[in-house]
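Here's my_file.cif, which has mmCIF, C-alpha atoms:
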```
data_target
loop_
_atom_site.group_PDB
_atom_site.id
_atom_site.type_symbol
_atom_site.label_atom_id
_atom_site.label_comp_id
_atom_site.auth_asym_id
_atom_site.auth_seq_id
_atom_site.Cartn_x
_atom_site.Cartn_y
_atom_site.Cartn_z
ATOM 1 C CA MET A 1 241.729 123.541 31.205
ATOM 2 C CA THR A 2 242.266 120.826 28.623
ATOM 3 C CA THR A 3 240.835 120.467 25.150
ATOM 4 C CA ASP A 4 239.059 117.259 26.153
ATOM 5 C CA THR A 5 237.104 118.907 28.942
ATOM 6 C CA THR A 6 236.452 122.253 27.248
ATOM 7 C CA ARG A 7 233.450 122.408 24.963
ATOM 8 C CA ILE A 8 233.341 124.973 22.176
ATOM 9 C CA GLU A 9 229.913 126.117 23.375
ATOM 10 C CA GLU A 10 231.616 127.336 26.549
ATOM 11 C CA LEU A 11 234.049 129.582 24.649
ATOM 12 C CA PRO A 12 232.282 132.793 23.585
ATOM 13 C CA ILE A 13 235.497 134.290 22.184
ATOM 14 C CA TYR A 14 235.969 131.244 19.941
ATOM 15 C CA GLU A 15 232.355 131.474 18.749
ATOM 16 C CA SER A 16 232.811 135.176 17.995
ATOM 17 C CA LEU A 17 235.960 134.496 15.980
ATOM 18 C CA ILE A 18 234.191 131.790 13.974
ATOM 19 C CA ARG A 19 231.398 134.226 13.114
ATOM 20 C CA GLU A 20 233.920 136.905 12.095
ATOM 21 C CA ARG A 21 236.596 134.821 10.362
ATOM 22 C CA GLY A 22 235.049 131.451 9.606
ATOM 23 C CA ASP A 23 235.945 128.106 11.151
ATOM 24 C CA VAL A 24 239.623 127.982 10.215
ATOM 25 C CA VAL A 25 240.185 124.788 12.202
ATOM 26 C CA GLU A 26 237.443 122.977 10.264
ATOM 27 C CA GLU A 27 238.741 124.332 6.954
ATOM 28 C CA ALA A 28 242.259 123.141 7.781
ATOM 29 C CA ARG A 29 240.900 119.722 8.763
ATOM 30 C CA ALA A 30 239.028 119.426 5.446
ATOM 31 C CA VAL A 31 242.101 120.427 3.415
ATOM 32 C CA SER A 32 244.233 117.984 5.392
ATOM 33 C CA GLU A 33 241.805 115.113 4.785
ATOM 34 C CA GLU A 34 241.590 115.914 1.066
ATOM 35 C CA THR A 35 245.390 116.105 0.809
ATOM 36 C CA GLN A 36 245.758 112.789 2.613
ATOM 37 C CA HIS A 37 243.224 111.183 0.271
ATOM 38 C CA ARG A 38 244.956 112.592 -2.822
ATOM 39 C CA MET A 39 248.398 111.451 -1.651
ATOM 40 C CA THR A 40 247.078 107.968 -0.845
ATOM 41 C CA GLN A 41 245.674 107.760 -4.374
ATOM 42 C CA ALA A 42 248.900 109.075 -5.911
ATOM 43 C CA LEU A 43 251.083 106.642 -3.956
ATOM 44 C CA ALA A 44 248.820 103.772 -5.021
ATOM 45 C CA GLY A 45 249.480 104.705 -8.645
ATOM 46 C CA HIS A 46 246.045 106.152 -9.375
ATOM 47 C CA PRO A 47 245.872 109.298 -11.492
ATOM 48 C CA VAL A 48 245.057 112.335 -9.385
ATOM 49 C CA PRO A 49 243.140 115.141 -11.115
ATOM 50 C CA ALA A 50 244.462 118.683 -10.785
ATOM 51 C CA GLN A 51 243.151 120.431 -7.717
ATOM 52 C CA GLU A 52 241.301 123.713 -8.087
ATOM 53 C CA GLU A 53 242.598 126.696 -6.152
ATOM 54 C CA PRO A 54 240.291 127.669 -3.276
ATOM 55 C CA ALA A 55 238.412 130.938 -3.669
ATOM 56 C CA GLU A 56 239.622 133.836 -1.544
ATOM 57 C CA HIS A 57 237.266 135.042 1.200
#
```

Structure rendered as structure tokens:
Amino acid sequence: MTTDTTRIEELPIYESLIRERGDVVEEARAVSEETQHRMTQALAGHPVPAQEEPAEH
């Protein structure tokens, strides 16, 4: 079974984990995109404001 052919709706264990723990994959993706944006700005010489620490769950 590959990731391309497997839909999340077909994975009840995954859905259960998301309900219990949150969507860690989506959170990691968001942090990664924000980090990439901040580093692009920094490398272009733009000032980058201090990042706030995320709240603990």

Quote the spacing between CA of Leu17 (chain A) and CA of Val31 (chain A) in Å to one decimal place.
19.8 Å

Could the centre and edge lengths of an axis-aligned box, enclosing all atoms of region 7-22 of chain A in the file with 3 Å extra on each side, be given in Å to one decimal as lines of an AutoDock Vina configuration file?
```
center_x = 233.3
center_y = 129.7
center_z = 18.1
size_x = 12.7
size_y = 20.5
size_z = 22.9
```

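Our summary of the geometry notes that CA of Glu34 (chain A) is positioned 12.5 Å from CA of Ala50 (chain A).
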